[in-house]
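Participant: Before anything else, here's the structure in question.
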Amino acid sequence: MDSKLKYFYSGTVFTVVALVFTIFTLVAFYTYQNIRAYNYILLALLAIIIFVTLMFVAAVLMVMHVYRHKRVDRRLLRFTRMSLHFSLPLVYLASRISKVSKDVMRGFYIDVNNIIVESTGTRYMPGDVLLLLPHCLQDSRCQHKITNDIGNCRRCGNCCIGELAELSEKLGVKIFVATGGTAARNIICRSNPGFVFSVACERDLFSGIRDMKNVPVIGMLNERPKGPCNNTVVNVRELEKKLRKMLLDDID
């Protein structure tokens with residue numbers, strides 16, 4: 001089983017067990033309490049928790065199905081989004097309690113989000129696409145500031161920024177380098193793209209995708225051979241392949 005799916009499944013089991021335990025506890029209280037007012041309150045709580053449990057199980061089954069099959073039926077896109085947003089907070093909380101890495105759950109969310117966005121079948125004109133990069137892709141020794149203008153890149157080959165700048169020119173998409181999550185959101189608001197392809201770590205992608213509810217975002221994780229936020233890298237060929245799939249005009 002895929003490691004991300006395994007941890008998501010573990011968090012799901014933990015959450016369901018907790019909900020079922022709560023249900024049985026309330027049933028026990030309801031059975032042995034004689035005060036009618038308390039019984040009504042317990043019965044109402046019991047009904048709510050049973051409903052939440054059933055909805056949670058349905059949402060989790062949908063999310064796991066999507067993750068396994070890597071696609072979503074277009075008729076179920078809205079339900080799948082709702083399922084992801086409904087189930088993840090509970091599983092995320094359960095994962096934190098059980099000491100599962102937060103990045104694993106964040107990565108799972110990013111993967112499912114990408115599947116949902118790709119499954120819409122929507123393709124975008126290059127001019128409506130924003131390629132958003134983290135500043136940590138730049139060589140830390142470089143003296144040229146590219147966060148305001150990526151055109152300042154000298155394309156020396158010491159990092160992948162120059163290659164990504166050339167790719168944006170070839171495909172005709174907009175490209176920006178952000179210093180962090182807040183800067184990235186400001187760039188998106190200013191440029192008003194129809195679609196965002198973002199490269200970042202799990203934390204920034206997770207929060208950014210959740211915040212950008214009105215703009216479809218596909219996230220791609222950077223690689224961190226020297227640790228977080230320091231000379232990170234991204235597979236440019238893989239990025240180009242994923243980005244081309246979202247373009248209306250596939251440019252050679």
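In the structure tokens, chains take the letters A, B, ... in the order shown, each chain's residues start at 1, and ligands count up from 1 in the order shown.
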Can you pull out the residues contacting range 210-224 of chain A? Cut-off 8 Å, using only C-alpha atoms, and skip same-chain residues under 5 positions away; I want them as a list in words.
Facilitator: Ile110, Asp111, Asn113, Asn114, Val117, Arg185, Pro193, Gly194, Phe195, Val196, Phe197, Ser198, Val199, Ala200, Cys201, Glu202, Leu205, Cys229, Asn230, Asn231, Thr232, Val233, Val234 and Leu239 of chain A
Participant: Near Arg81 in chain A, within 12 Å and counting only C-alpha atoms, which residues show up once chain neighbours fewer than 5 positions away are dropped, as a PyMOL selection string?
Facilitator: chain A and resi 59-60+62-63+66+72-76+86-88+109+112-117+119-120+210+213+216
Participant: List as a ChimeraX atom specification the protein and nucleic acid residues near range 163-172 of chain A, meaning an atom at most 10 Å away when only C-alpha atoms are counted, but skip any in the same chain fewer than 6 places from it.
Facilitator: /A:125-131,133,150-151,153,155-157,234,236-237,239-240,243-244,247,249-252
Participant: Just asking: which residues within range 43-142 of chain A are helix (DSSP H, G or I) according to DSSP, as an MDAnalysis selection string?
Facilitator: chainID A and resid 43:69 74:97 102:119 126:128 135:137
Participant: Using DSSP on the backbone coordinates, identify all residues within range 205-246 of chain A classified as strand (DSSP E); present the result as a ChimeraX atom specification.
Facilitator: /A:217-221
Participant: Would you mind exporting the chosen residues as a tab-separated table (two decimals), in the first residue's frame, restricted to C-alpha atoms?
Facilitator:
```
chain	number	residue	atom	x	y	z
A	217	VAL	CA	-3.96	25.02	-8.17
A	218	ILE	CA	-1.75	22.06	-8.96
A	219	GLY	CA	1.12	21.63	-6.55
A	220	MET	CA	4.49	19.99	-7.13
A	221	LEU	CA	6.85	19.30	-4.25
```
Participant: Would you mind reading off the distance between CA of Arg106 in chain A and CA of Lys174 in chain A, one decimal, in Å?
Facilitator: 26.3 Å
Participant: So which residues touch Thr22 in chain A within 12 Å, counting only C-alpha atoms, skipping near sequence neighbours fewer than 2 positions away, as a PyMOL selection string?
Facilitator: chain A and resi 15-20+24-29+42+45-50+52-53
Participant: Residues at most 10 Å from Leu61 in chain A, counting only C-alpha atoms, excluding those fewer than 5 positions away in the same chain, as an NGL selection string?
Facilitator: :A and (9 or 12 or 55-56 or 66-67 or 83 or 87)
Participant: Could you write out the selected residues, including N, CA and C atoms, as an mmCIF file, in the first residue's frame?
Facilitator:
```cif
data_model
loop_
_atom_site.group_PDB
_atom_site.id
_atom_site.type_symbol
_atom_site.label_atom_id
_atom_site.label_comp_id
_atom_site.auth_asym_id
_atom_site.auth_seq_id
_atom_site.Cartn_x
_atom_site.Cartn_y
_atom_site.Cartn_z
ATOM 1 N N TYR A 9 -5.188 6.037 5.870
ATOM 2 C CA TYR A 9 -6.055 4.943 6.328
ATOM 3 C C TYR A 9 -5.940 4.772 7.846
ATOM 4 N N THR A 12 -7.768 7.453 9.527
ATOM 5 C CA THR A 12 -9.203 7.215 9.371
ATOM 6 C C THR A 12 -9.706 6.199 10.392
ATOM 7 N N MET A 55 -21.212 10.199 7.470
ATOM 8 C CA MET A 55 -20.708 11.133 6.465
ATOM 9 C C MET A 55 -19.192 11.035 6.341
ATOM 10 N N PHE A 56 -18.533 10.897 7.476
ATOM 11 C CA PHE A 56 -17.072 10.795 7.476
ATOM 12 C C PHE A 56 -16.615 9.540 6.739
ATOM 13 N N VAL A 66 -10.534 7.848 -5.055
ATOM 14 C CA VAL A 66 -9.913 8.800 -5.985
ATOM 15 C C VAL A 66 -8.400 8.641 -5.980
ATOM 16 N N TYR A 67 -7.826 8.512 -4.802
ATOM 17 C CA TYR A 67 -6.364 8.396 -4.703
ATOM 18 C C TYR A 67 -5.864 7.115 -5.369
ATOM 19 N N SER A 83 -15.782 15.996 0.106
ATOM 20 C CA SER A 83 -15.303 14.852 0.886
ATOM 21 C C SER A 83 -13.888 15.096 1.396
ATOM 22 N N SER A 87 -13.209 15.348 5.369
ATOM 23 C CA SER A 87 -12.519 14.246 6.042
ATOM 24 C C SER A 87 -11.122 14.611 6.526
#
```
Participant: Could you work out how far CA of Gly107 in chain A lies from CA of Phe206 in chain A, giving the answer in Å with one decimal?
Facilitator: 7.7 Å
Participant: My list of candidates is A:Arg203, A:Leu132, A:Phe8, A:Met64. Which is closest to Ser191 in chain A when distances are computed with only C-alpha atoms?
Facilitator: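 Of all the options, A:Leu132 lies closest to Ser191 in chain A.
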Participant: Point out the residue among A:Tyr124, A:Leu77, A:Arg68, A:Gly11 with the least atom-to-atom distance to Pro89 in chain A, counting only C-alpha atoms.
Facilitator: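 The answer is A:Gly11, which sits nearest to Pro89 in chain A.
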